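**Student:** As input, take query_20.txt (compact mmCIF, C-alpha atoms and all ligand atoms):
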# COMPACT_ATOMS: atom_id res chain seq x y z
CA MET G 1 -2.68 12.28 -31.37
CA LEU G 2 -0.50 9.34 -30.38
CA SER G 3 3.15 9.58 -31.26
CA PRO G 4 4.93 6.54 -32.68
CA PRO G 5 6.75 4.29 -30.20
CA ARG G 6 10.13 5.65 -29.22
CA GLN G 7 13.18 3.78 -30.43
CA ALA G 8 14.57 2.46 -27.13
CA GLY G 9 17.09 -0.30 -27.63
CA GLY G 10 20.61 0.47 -26.54
CA GLU G 11 19.97 4.07 -25.47
CA GLU G 12 18.62 4.93 -22.02
CA LEU G 13 16.82 2.82 -19.45
CA ALA G 14 15.19 3.97 -16.19
CA ILE G 15 14.41 1.18 -13.70
CA PHE G 16 12.09 1.82 -10.74
CA VAL G 17 12.36 -0.78 -7.99
CA PHE G 18 9.50 -0.96 -5.50
CA ILE G 19 10.40 -2.81 -2.29
CA ASP G 20 7.37 -3.25 -0.01
CA ALA G 21 8.03 -2.22 3.63
CA PHE G 22 11.74 -1.44 3.16
CA GLY G 23 11.53 1.51 5.55
CA TRP G 24 14.17 4.16 6.13
CA GLN G 25 15.12 2.71 9.54
CA ILE G 26 15.61 -0.77 8.07
CA PHE G 27 17.49 0.65 5.08
CA GLN G 28 19.85 2.59 7.37
CA ARG G 29 20.62 -0.52 9.42
CA HIS G 30 21.48 -2.40 6.23
CA GLN G 31 23.55 0.17 4.36
CA GLU G 32 26.46 -2.25 4.14
CA ASP G 33 24.21 -5.00 2.82
CA PHE G 34 22.41 -3.01 0.15
CA LEU G 35 24.01 -1.52 -2.96
CA GLN G 36 26.90 0.02 -1.02
CA GLY G 37 29.12 2.05 -3.32
CA ILE G 38 26.42 2.17 -6.00
CA LEU G 39 23.76 4.44 -4.52
CA GLN G 40 24.38 8.13 -5.16
CA THR G 41 21.21 9.34 -3.47
CA ALA G 42 19.24 8.06 -0.47
CA ARG G 43 16.80 9.81 1.81
CA PRO G 44 13.76 9.24 4.01
CA LEU G 45 10.40 9.41 2.28
CA ASP G 46 7.27 10.38 4.22
CA THR G 47 4.45 7.91 3.83
CA VAL G 48 0.67 8.31 4.09
CA LEU G 49 -1.70 6.94 6.71
CA GLY G 50 -2.84 3.41 5.94
CA TYR G 51 -1.48 0.24 4.44
CA SER G 52 -0.11 -0.75 1.04
CA CYS G 53 -3.63 -0.47 -0.40
CA ALA G 54 -3.49 3.29 0.39
CA CYS G 55 0.24 3.78 -0.36
CA ASP G 56 0.46 2.01 -3.72
CA PRO G 57 -2.28 4.04 -5.46
CA THR G 58 -0.56 7.17 -4.06
CA ILE G 59 2.73 6.13 -5.65
CA LEU G 60 1.06 5.25 -8.95
CA THR G 61 -1.13 8.39 -9.27
CA GLY G 62 0.63 11.12 -7.31
CA HIS G 63 -2.61 11.70 -5.39
CA LEU G 64 -3.33 11.36 -1.68
CA PRO G 65 -5.84 8.72 -0.45
CA GLN G 66 -8.74 11.20 -0.10
CA GLU G 67 -8.17 12.10 -3.77
CA HIS G 68 -7.68 8.65 -5.35
CA GLY G 69 -10.27 6.98 -3.09
CA HIS G 70 -8.23 3.99 -1.85
CA PHE G 71 -7.51 3.58 1.84
CA SER G 72 -8.35 0.20 3.33
CA PHE G 73 -10.01 -2.91 1.94
CA PHE G 74 -13.33 -2.91 3.82
CA GLN G 75 -15.98 -0.21 4.07
CA TYR G 76 -19.30 -0.43 5.90
CA ALA G 77 -21.79 -0.03 3.05
CA PRO G 78 -24.85 -2.30 3.44
CA GLN G 79 -26.66 -0.64 0.50
CA ARG G 80 -24.01 -1.44 -2.04
CA SER G 81 -22.31 -4.51 -0.59
CA PRO G 82 -21.40 -6.94 -3.38
CA PHE G 83 -21.39 -9.73 -0.78
CA ARG G 84 -25.13 -9.79 -0.01
CA GLY G 85 -25.39 -13.11 -1.85
CA LEU G 86 -22.91 -14.63 0.58
CA ARG G 87 -25.28 -14.47 3.54
CA PRO G 88 -25.52 -18.31 3.78
CA LEU G 89 -21.77 -18.41 4.55
CA GLY G 90 -22.64 -16.78 7.88
CA TRP G 91 -24.24 -20.05 8.98
CA LEU G 92 -21.01 -22.01 8.63
CA PRO G 93 -19.36 -22.85 11.97
CA ARG G 94 -16.61 -20.46 13.11
CA TRP G 95 -14.08 -23.31 13.60
CA LEU G 96 -14.27 -23.89 9.86
CA THR G 97 -14.51 -20.32 8.58
CA SER G 98 -11.68 -19.04 10.79
CA ARG G 99 -9.13 -21.28 9.07
CA GLY G 100 -6.76 -19.33 6.81
CA ARG G 101 -6.76 -21.99 4.11
CA VAL G 102 -10.55 -22.18 3.97
CA ARG G 103 -10.81 -18.39 3.75
CA ARG G 104 -8.20 -18.21 0.99
CA ILE G 105 -10.09 -20.80 -1.08
CA ILE G 106 -13.40 -18.97 -0.54
CA SER G 107 -11.68 -15.63 -1.36
CA ARG G 108 -10.46 -17.01 -4.68
CA GLN G 109 -13.91 -18.32 -5.58
CA VAL G 110 -15.66 -15.09 -4.59
CA ALA G 111 -13.17 -13.02 -6.63
CA ARG G 112 -13.75 -15.23 -9.65
CA GLN G 113 -17.52 -15.12 -9.26
CA LEU G 114 -17.61 -11.32 -8.91
CA GLY G 115 -15.07 -10.81 -11.70
CA TYR G 116 -12.54 -9.03 -9.46
CA THR G 117 -9.08 -8.50 -10.94
CA GLY G 118 -7.50 -6.65 -7.98
CA TYR G 119 -5.90 -8.01 -4.85
CA PHE G 120 -8.81 -9.70 -3.09
CA GLN G 121 -8.73 -11.34 0.34
CA LEU G 122 -11.52 -11.82 2.84
CA TYR G 123 -8.91 -11.88 5.61
CA ASN G 124 -10.60 -12.46 8.96
CA MET G 125 -13.82 -10.52 8.26
CA PRO G 126 -16.68 -12.49 9.91
CA PHE G 127 -18.98 -13.92 7.25
CA GLN G 128 -22.01 -12.58 9.15
CA ARG G 129 -20.73 -9.02 8.60
CA LEU G 130 -19.56 -9.49 5.04
CA PRO G 131 -22.99 -8.71 3.49
CA LEU G 132 -22.73 -5.26 5.17
CA MET G 133 -19.34 -4.47 3.65
CA ASP G 134 -17.95 -3.18 0.38
CA TYR G 135 -14.41 -3.90 -0.84
CA SER G 136 -12.20 -1.19 -2.35
CA GLU G 137 -9.67 -3.00 -4.52
CA LYS G 138 -11.94 -4.80 -6.94
CA ARG G 139 -9.88 -3.88 -9.98
CA ASP G 140 -6.21 -4.37 -10.78
CA LEU G 141 -4.46 -1.08 -9.91
CA TYR G 142 -1.89 -1.66 -12.62
CA GLN G 143 -4.43 -1.95 -15.43
CA PRO G 144 -6.43 0.89 -17.04
CA GLY G 145 -9.38 1.94 -14.89
CA GLY G 146 -7.91 0.47 -11.71
CA ILE G 147 -8.15 3.63 -9.59
CA LEU G 148 -11.48 4.36 -7.84
CA SER G 149 -11.43 8.11 -8.59
CA GLY G 150 -10.64 7.41 -12.24
CA ALA G 151 -7.22 9.09 -11.92
CA ALA G 152 -4.59 8.05 -14.44
CA THR G 153 -1.71 5.97 -13.09
CA ILE G 154 1.86 6.30 -14.31
CA PHE G 155 1.18 3.19 -16.42
CA ASP G 156 -1.85 4.85 -18.05
CA GLN G 157 0.44 7.78 -18.89
CA LEU G 158 3.08 5.50 -20.37
CA ARG G 159 0.48 3.61 -22.41
CA SER G 160 -1.18 6.73 -23.80
CA ARG G 161 2.21 8.26 -24.74
CA ARG G 162 3.39 4.95 -26.18
CA VAL G 163 6.51 4.85 -24.07
CA PRO G 164 7.80 1.24 -24.27
CA PHE G 165 7.85 -0.07 -20.70
CA HIS G 166 7.94 -3.19 -18.58
CA VAL G 167 6.00 -3.73 -15.34
CA SER G 168 6.13 -6.78 -13.07
CA ASP G 169 3.04 -8.85 -12.42
CA TRP G 170 2.24 -8.36 -8.71
CA ARG G 171 0.75 -11.85 -8.62
CA HIS G 172 4.13 -13.43 -9.38
CA ASP G 173 6.91 -14.15 -6.90
CA GLU G 174 10.19 -12.23 -6.84
CA PRO G 175 12.35 -14.71 -8.82
CA ARG G 176 9.82 -14.65 -11.63
CA ASN G 177 9.57 -10.85 -11.60
CA PHE G 178 13.38 -10.52 -11.73
CA GLN G 179 13.47 -13.03 -14.56
CA SER G 180 10.86 -11.28 -16.70
CA LEU G 181 12.65 -7.93 -16.28
CA ARG G 182 15.97 -9.53 -17.29
CA GLU G 183 14.29 -10.86 -20.43
CA ALA G 184 12.87 -7.42 -21.23
CA ILE G 185 16.31 -5.84 -20.80
CA ARG G 186 17.89 -8.40 -23.14
CA ASP G 187 15.21 -7.62 -25.74
CA GLU G 188 16.24 -3.91 -25.60
CA GLN G 189 12.72 -2.78 -26.48
CA ILE G 190 11.94 -0.79 -23.32
CA SER G 191 13.11 2.54 -21.95
CA TRP G 192 11.26 2.41 -18.61
CA ALA G 193 10.71 -0.43 -16.11
CA TYR G 194 8.92 -1.04 -12.79
CA LEU G 195 10.11 -3.97 -10.70
CA TYR G 196 7.68 -5.05 -7.98
CA LEU G 197 9.20 -6.76 -4.93
CA ALA G 198 6.81 -7.59 -2.08
CA GLU G 199 8.34 -10.49 -0.18
CA LEU G 200 10.33 -8.47 2.38
CA ASP G 201 7.00 -7.22 3.80
CA GLY G 202 5.90 -10.77 4.62
CA ILE G 203 9.25 -11.62 6.23
CA LEU G 204 9.14 -8.48 8.39
CA HIS G 205 5.58 -9.25 9.52
CA ARG G 206 6.53 -12.83 10.38
CA ASP G 207 9.98 -12.36 11.95
CA GLY G 208 10.24 -8.68 13.01
CA THR G 209 12.74 -6.08 11.78
CA ARG G 210 15.86 -7.46 13.54
CA ALA G 211 15.69 -11.02 12.23
CA LYS G 212 18.50 -12.66 10.28
CA THR G 213 15.97 -13.60 7.60
CA VAL G 214 15.50 -9.87 6.94
CA THR G 215 19.23 -9.28 6.48
CA ASP G 216 19.49 -12.38 4.27
CA HIS G 217 16.64 -11.19 2.07
CA ILE G 218 18.10 -7.69 1.73
CA ARG G 219 21.47 -9.21 0.76
CA GLY G 220 19.58 -11.26 -1.81
CA TYR G 221 18.14 -8.04 -3.26
CA ASP G 222 21.66 -6.59 -3.32
CA ARG G 223 23.02 -9.51 -5.38
CA GLN G 224 20.12 -9.57 -7.81
CA LEU G 225 19.99 -5.81 -8.30
CA ARG G 226 23.76 -5.65 -8.93
CA ASP G 227 23.35 -8.38 -11.54
CA LEU G 228 20.44 -6.51 -13.05
CA LEU G 229 22.47 -3.28 -13.29
CA LYS G 230 25.35 -5.17 -14.89
CA LEU G 231 23.02 -6.76 -17.43
CA ALA G 232 21.33 -3.43 -18.17
CA GLY G 233 24.76 -1.83 -18.62
CA GLU G 234 25.54 -4.41 -21.29
CA HIS G 235 22.39 -3.56 -23.24
CA TYR G 236 21.90 0.18 -22.66
CA ARG G 237 24.21 3.15 -22.96
CA VAL G 238 22.79 4.88 -19.85
CA VAL G 239 21.00 3.16 -16.95
CA ARG G 240 19.38 4.94 -14.02
CA MET G 241 17.90 2.92 -11.17
CA TYR G 242 15.55 4.38 -8.54
CA LEU G 243 14.54 2.38 -5.48
CA PHE G 244 11.75 3.13 -3.05
CA SER G 245 9.35 1.66 -0.53
CA ASP G 246 5.77 2.47 0.46
CA HIS G 247 6.18 2.46 4.25
CA GLY G 248 8.39 1.06 6.98
CA MET G 249 7.78 -1.56 9.66
CA ALA G 250 7.65 -1.45 13.46
CA ASP G 251 8.36 -4.35 15.78
CA VAL G 252 5.19 -5.40 17.58
CA THR G 253 5.48 -4.84 21.32
CA GLY G 254 1.94 -5.67 22.42
CA CYS G 255 -1.53 -6.76 21.33
CA TYR G 256 -4.83 -5.19 22.22
CA ASP G 257 -8.29 -6.78 22.03
CA LEU G 258 -10.56 -3.84 21.19
CA MET G 259 -13.26 -6.21 19.91
CA ALA G 260 -13.65 -7.60 23.44
CA ASP G 261 -13.96 -4.01 24.77
CA LEU G 262 -16.70 -3.38 22.21
CA GLN G 263 -18.59 -6.52 23.25
CA ARG G 264 -18.51 -5.47 26.92
CA TRP G 265 -19.53 -1.95 25.90
CA GLU G 266 -22.47 -3.28 23.85
CA ARG G 267 -23.69 -5.27 26.86
CA ALA G 268 -23.34 -2.25 29.15
CA THR G 269 -24.93 0.34 26.85
CA GLY G 270 -27.36 -1.69 24.73
CA MET G 271 -25.72 -0.34 21.54
CA ARG G 272 -25.92 -2.63 18.53
CA PHE G 273 -23.68 -3.16 15.51
CA GLY G 274 -25.54 -2.16 12.34
CA LYS G 275 -28.10 -0.12 14.32
CA ASP G 276 -26.13 2.34 16.44
CA TYR G 277 -22.69 1.92 14.99
CA ALA G 278 -20.56 -0.13 12.64
CA ALA G 279 -16.84 -0.80 12.74
CA VAL G 280 -14.01 -2.30 10.74
CA PHE G 281 -10.97 -3.48 12.64
CA ASP G 282 -7.78 -3.14 10.61
CA SER G 283 -4.48 -4.34 12.10
CA THR G 284 -3.56 -1.00 13.69
CA MET G 285 -6.74 1.00 13.35
CA ALA G 286 -10.43 0.72 14.17
CA ARG G 287 -12.80 2.73 12.01
CA PHE G 288 -16.29 3.55 13.23
CA TRP G 289 -19.46 4.58 11.45
CA LEU G 290 -21.86 6.47 13.72
CA LEU G 291 -25.40 5.40 12.87
CA SER G 292 -27.43 6.75 15.81
CA ASP G 293 -27.25 10.01 17.74
CA ARG G 294 -26.31 8.33 20.99
CA ALA G 295 -23.44 6.38 19.41
CA GLU G 296 -20.88 9.16 19.00
CA PRO G 297 -20.47 10.31 22.61
CA ALA G 298 -20.56 6.74 23.85
CA ILE G 299 -17.91 5.51 21.39
CA ARG G 300 -15.69 8.53 22.01
CA GLU G 301 -15.90 7.84 25.75
CA LEU G 302 -15.06 4.17 25.24
CA LEU G 303 -12.05 4.99 23.05
CA ALA G 304 -10.82 7.71 25.41
CA GLY G 305 -10.40 4.97 28.01
CA CYS G 306 -8.40 2.70 25.68
CA PRO G 307 -4.66 2.92 26.52
CA ALA G 308 -3.44 1.45 23.19
CA GLY G 309 -4.06 4.40 20.89
CA ARG G 310 -5.99 7.58 20.20
CA THR G 311 -8.85 8.98 18.14
CA LEU G 312 -7.65 11.07 15.21
CA SER G 313 -9.06 14.56 14.73
CA ASP G 314 -10.34 15.71 11.34
CA ALA G 315 -7.40 18.11 11.16
CA GLU G 316 -4.99 15.19 11.52
CA LEU G 317 -6.85 13.11 8.94
CA ASP G 318 -6.74 16.07 6.58
CA ALA G 319 -2.99 16.48 7.14
CA TYR G 320 -2.55 12.78 6.37
CA GLY G 321 -4.60 13.14 3.17
CA CYS G 322 -7.28 10.84 4.58
CA LEU G 323 -10.26 13.10 5.25
CA PHE G 324 -12.58 11.40 2.79
CA PRO G 325 -15.32 13.65 1.41
CA GLN G 326 -18.14 11.12 1.91
CA ARG G 327 -16.57 9.53 5.00
CA GLU G 328 -16.37 6.36 2.93
CA TYR G 329 -13.91 4.74 5.33
CA GLY G 330 -15.60 5.73 8.58
CA ASP G 331 -16.65 8.74 10.66
CA LEU G 332 -14.13 8.14 13.41
CA PHE G 333 -10.62 6.68 13.21
CA PHE G 334 -8.92 5.15 16.25
CA LEU G 335 -5.20 4.65 15.57
CA LEU G 336 -2.98 2.44 17.71
CA ASP G 337 0.38 3.59 19.06
CA ALA G 338 3.36 2.31 17.06
CA GLY G 339 4.15 -1.27 18.06
CA MET G 340 0.62 -2.13 19.18
CA LEU G 341 -1.47 -4.61 17.22
CA LEU G 342 -5.23 -5.10 17.20
CA CYS G 343 -5.59 -8.80 17.85
CA PRO G 344 -7.96 -10.22 16.91
CA SER G 345 -8.98 -7.91 14.08
CA ASP G 346 -10.82 -8.23 10.78
CA MET G 347 -7.37 -8.74 9.24
CA GLY G 348 -6.24 -11.66 11.37
CA SER G 349 -6.33 -13.44 14.70
CA THR G 350 -2.71 -14.43 15.24
CA PRO G 351 -0.09 -12.02 16.65
CA LEU G 352 2.66 -10.91 14.24
CA LYS G 353 6.18 -9.70 15.03
CA GLY G 354 6.13 -6.70 12.71
CA MET G 355 3.39 -4.29 11.61
CA HIS G 356 2.92 -1.02 9.75
CA GLY G 357 0.01 1.37 9.39
CA TYR G 358 0.80 3.64 12.34
CA CYS G 359 1.10 7.41 12.54
CA PRO G 360 2.87 8.47 9.30
CA SER G 361 5.27 10.71 11.21
CA HIS G 362 6.57 7.89 13.45
CA GLU G 363 10.16 7.00 12.49
CA ASP G 364 9.28 3.35 11.84
CA SER G 365 6.58 4.41 9.36
CA THR G 366 8.98 6.36 7.14
CA ALA G 367 9.68 4.90 3.71
CA MET G 368 12.87 5.43 1.67
CA VAL G 369 13.90 6.58 -1.77
CA ALA G 370 17.31 6.03 -3.34
CA ALA G 371 18.95 6.23 -6.74
CA THR G 372 22.09 5.16 -8.55
CA VAL G 373 22.39 8.72 -9.87
CA PRO G 374 22.65 12.04 -8.04
CA CYS G 375 19.15 13.56 -7.99
CA LEU G 376 16.72 15.56 -5.93
CA PRO G 377 14.23 12.90 -4.87
CA PRO G 378 10.74 13.61 -3.52
CA THR G 379 10.14 13.93 0.22
CA ARG G 380 6.71 12.30 0.28
CA LEU G 381 5.21 9.22 -1.36
CA ASP G 382 2.99 11.13 -3.80
CA GLY G 383 6.07 12.83 -5.29
CA LEU G 384 7.35 9.54 -6.75
CA TYR G 385 4.80 9.89 -9.53
CA SER G 386 6.45 13.06 -10.84
CA LEU G 387 9.87 11.41 -10.64
CA MET G 388 8.60 8.46 -12.71
CA LEU G 389 6.86 10.74 -15.19
CA ARG G 390 9.99 12.88 -15.56
CA GLU G 391 11.99 9.80 -16.51
CA ALA G 392 9.35 8.80 -19.03
CA ALA G 393 9.41 12.32 -20.44
CA ARG G 394 13.13 12.50 -21.18
CA GLY G 395 13.41 13.88 -24.68
CA ARG G 396 9.64 14.16 -25.12
CA ASP G 397 7.99 17.57 -25.05
CA ASP G 398 4.43 16.24 -24.58
CA LEU G 399 5.31 14.45 -21.33
CA THR G 400 7.52 17.22 -20.04
CA ALA G 401 4.51 19.53 -20.07
CA ALA G 402 2.40 16.95 -18.21
CA THR G 403 5.13 16.52 -15.60
CA ALA G 404 5.37 20.22 -14.93
CA GLY G 405 1.62 20.35 -14.30
CA THR G 406 1.74 17.40 -11.91
CA ALA G 407 4.67 18.71 -9.92
CA ALA G 408 2.83 21.95 -9.34
CA THR G 409 -0.36 20.32 -8.07
CA ALA G 410 0.72 17.13 -6.33
CA GLY G 411 3.19 18.67 -3.92
CA ALA G 412 6.22 16.79 -5.22
CA ALA G 413 8.40 18.32 -2.56
CA GLY G 414 5.66 18.48 0.06
CA SER G 415 6.12 17.14 3.53
CA LEU G 416 3.87 15.77 6.25
CA ALA G 417 4.08 17.82 9.38
ZN ZN A 501 2.50 -5.46 5.13
Mind turning the file's structure into structure tokens?
**Tutor:**
Amino acid sequence: MLSPPRQAGGEELAIFVFIDAFGWQIFQRHQEDFLQGILQTARPLDTVLGYSCACDPTILTGHLPQEHGHFSFFQYAPQRSPFRGLRPLGWLPRWLTSRGRVRRIISRQVARQLGYTGYFQLYNMPFQRLPLMDYSEKRDLYQPGGILSGAATIFDQLRSRRVPFHVSDWRHDEPRNFQSLREAIRDEQISWAYLYLAELDGILHRDGTRAKTVTDHIRGYDRQLRDLLKLAGEHYRVVRMYLFSDHGMADVTGCYDLMADLQRWERATGMRFGKDYAAVFDSTMARFWLLSDRAEPAIRELLAGCPAGRTLSDAELDAYGCLFPQREYGDLFFLLDAGMLLCPSDMGSTPLKGMHGYCPSHEDSTAMVAATVPCLPPTRLDGLYSLMLREAARGRDDLTAATAGTAATAGAAGSLA
């Protein structure tokens, strides 16, 4: 049975601040620029293998990618591709379809046509291959039913327990998200809030981790978060703010053209895409589907000769929480060394100065968690869920029980080896 909404105004407020790509290394270099004298707790937070589309569902559900089903945007799945109707786009000339603006316009139209509510981008995926692919984030992760496995997110928990909360709209820019949270605080109707800040990620990709623009943006966060805490202090008796990221960022030191290797390899071996193998090229990872018996040894041999990265074993994938039961995201994962970028890839064709999505145990991959109160924060991304649920459960027996169950199963204090 649903309990009546809790009376919130003026009592306690917990604010969770998500800052995309604000890794532990970057945080440490900017300690003087970011909430100095206010943070009582700060520590590194182990991330999971993959990009934000793997990390964010992990934060929101407390599950690892192989459990919640989200890892990367594209999967080779010709039988269930929703893009089969887009075959005619494959006849458009490459000079037109490779333009970012053209692809963004087409992405918007495709999303509207297919009724997608999630983050949808065709990126650099060739239109000829699109009818062979499925896309993972069709639904809005923040809305009910957004998770592929059907797992409940922290927001589902808050809704079902009728905890009054505020969550940013990920489609809006940072000034607008700050503004809507300030309005919610002034209204005094919430006891729990999630502020979504994603612009630092774009700056780090564009300018690298040492750029002045990065420092400027972090100082901007500092100013706005101090103002937010001051405002919240005027409207609530107790305010606790928790801050965390999903992953870090490494400076790009070199590009590698694995697609060109594959083309040469196809000519030499007679292997064909869609017949012997299939592949999706993420920014730091190539994932292969092995379709014929002769493909596996040949691809393993090709990758063994590639100096930019290494093939991950099943044991490693399992340790990273990415050994998918149906191999939905590929049979074989080739991961680049930190700092290397696949260029071109299905994600883009222009080199960037910063990238993430490397080995989770690399120091530049590590995320961070901090708080304005002394606390024992989680050590890995999936533990944030329990932290958020605990805050929602303050003074509520029904949620306290749910939190205890989650902490026991989701490895709140677990750590990636
Ligand atoms: Zn990013």
**Student:** What residues of the protein or nucleic acid chains come within 12 Å of ligand ZN 501 (chain A) when you use all atoms listed in the file? Reply as an MDAnalysis selection string.
**Tutor:** chainID G and resid 19:23 50:56 198:206 208 245:250 282:284 347 352:358 365
**Student:** So, counting only C-alpha atoms, which residue among G:Gly69, G:Arg129, G:Tyr242, G:Gln36 is closest to G:Pro378?
**Tutor:** G:Tyr242
**Student:** Find, counting all atoms listed in the file, the residue in G:Leu243, G:Met368, G:Ala295, G:Leu49 that gets nearest to G:Ser72.
**Tutor:**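 Using all atoms listed in the file, G:Ser72 sits closest to G:Leu49.
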**Student:** Would you compute the distance between atom CA of G:Pro374 and atom CA of G:Leu389? Give it in Å to one decimal.
**Tutor:** 17.4 Å
**Student:** Would you tabulate, counting all atoms listed in the file, all residues of stretch 103-162 of chain G that have an atom at most 12 Å from an atom of stretch 335-344 of chain G, showing the closest pair of atoms and their distance in Å to one decimal, sorted by chain then ascending number, as a Markdown table?
**Tutor:**
| residue | atom | partner | partner_atom | distance |
| --- | --- | --- | --- | --- |
| G:Tyr123 | CA | G:Pro344 | CA | 11.5 |
| G:Asn124 | CA | G:Pro344 | CA | 8.7 |
| G:Met125 | CA | G:Pro344 | CA | 10.5 |
| G:Pro126 | CA | G:Pro344 | CA | 11.4 |
**Student:** How many Å separate atom CA of G:Leu387 from atom CA of G:Ile147?
**Tutor:**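 According to the coordinates, atom CA of G:Leu387 and atom CA of G:Ile147 are separated by 19.7 Å.
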**Student:** Using atom CA of G:Leu303 and atom CA of G:Gln79 as the two end points, give the distance in Å to one decimal.
**Tutor:**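 We find that atom CA of G:Leu303 and atom CA of G:Gln79 lie 27.5 Å from each other.
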**Student:** My list of candidates is G:Glu32, G:Ile190, G:Tyr236, G:Ala279. Which is closest to G:Tyr76 when distances are computed with all atoms listed in the file?
**Tutor:**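 Counting all atoms listed in the file, the residue closest to G:Tyr76 is G:Ala279.
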**Student:** Could you check the closest approach to G:Pro175 for each of G:Ser98, G:Ser386, G:Gln224, G:Thr366 and tell me which residue wins, using all atoms listed in the file?
**Tutor:**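 Once distances to G:Pro175 are computed over all atoms listed in the file, the minimum belongs to G:Gln224.
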**Student:** G:Gln31, G:Thr215, G:Thr61, G:Ser136: which is nearest G:Asp382, counting only C-alpha atoms?
**Tutor:**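 Once distances to G:Asp382 are computed over only C-alpha atoms, the minimum belongs to G:Thr61.
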**Student:** Determine the nearest neighbour of G:Phe34 from the options G:Asp364, G:Glu301, G:Asp222, G:Glu296, counting only C-alpha atoms.
**Tutor:** G:Asp222
**Student:** Determine, counting only C-alpha atoms, which protein, DNA and RNA residues have an atom within 8 Å of an atom of G:Gln128; residues of the same chain fewer than 3 positions away are not included. Present the result as a list in words.
**Tutor:**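 What passes the distance filter is Arg87, Leu89, Gly90, Trp91 and Pro131 of chain G.
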**Student:** Near G:Asn177, within 12 Å and counting only C-alpha atoms, which residues show up once chain neighbours fewer than 4 positions away are dropped, as an NGL selection string?
**Tutor:** :G and (17-18 or 166-173 or 181-184 or 193-199 or 224 or 228)
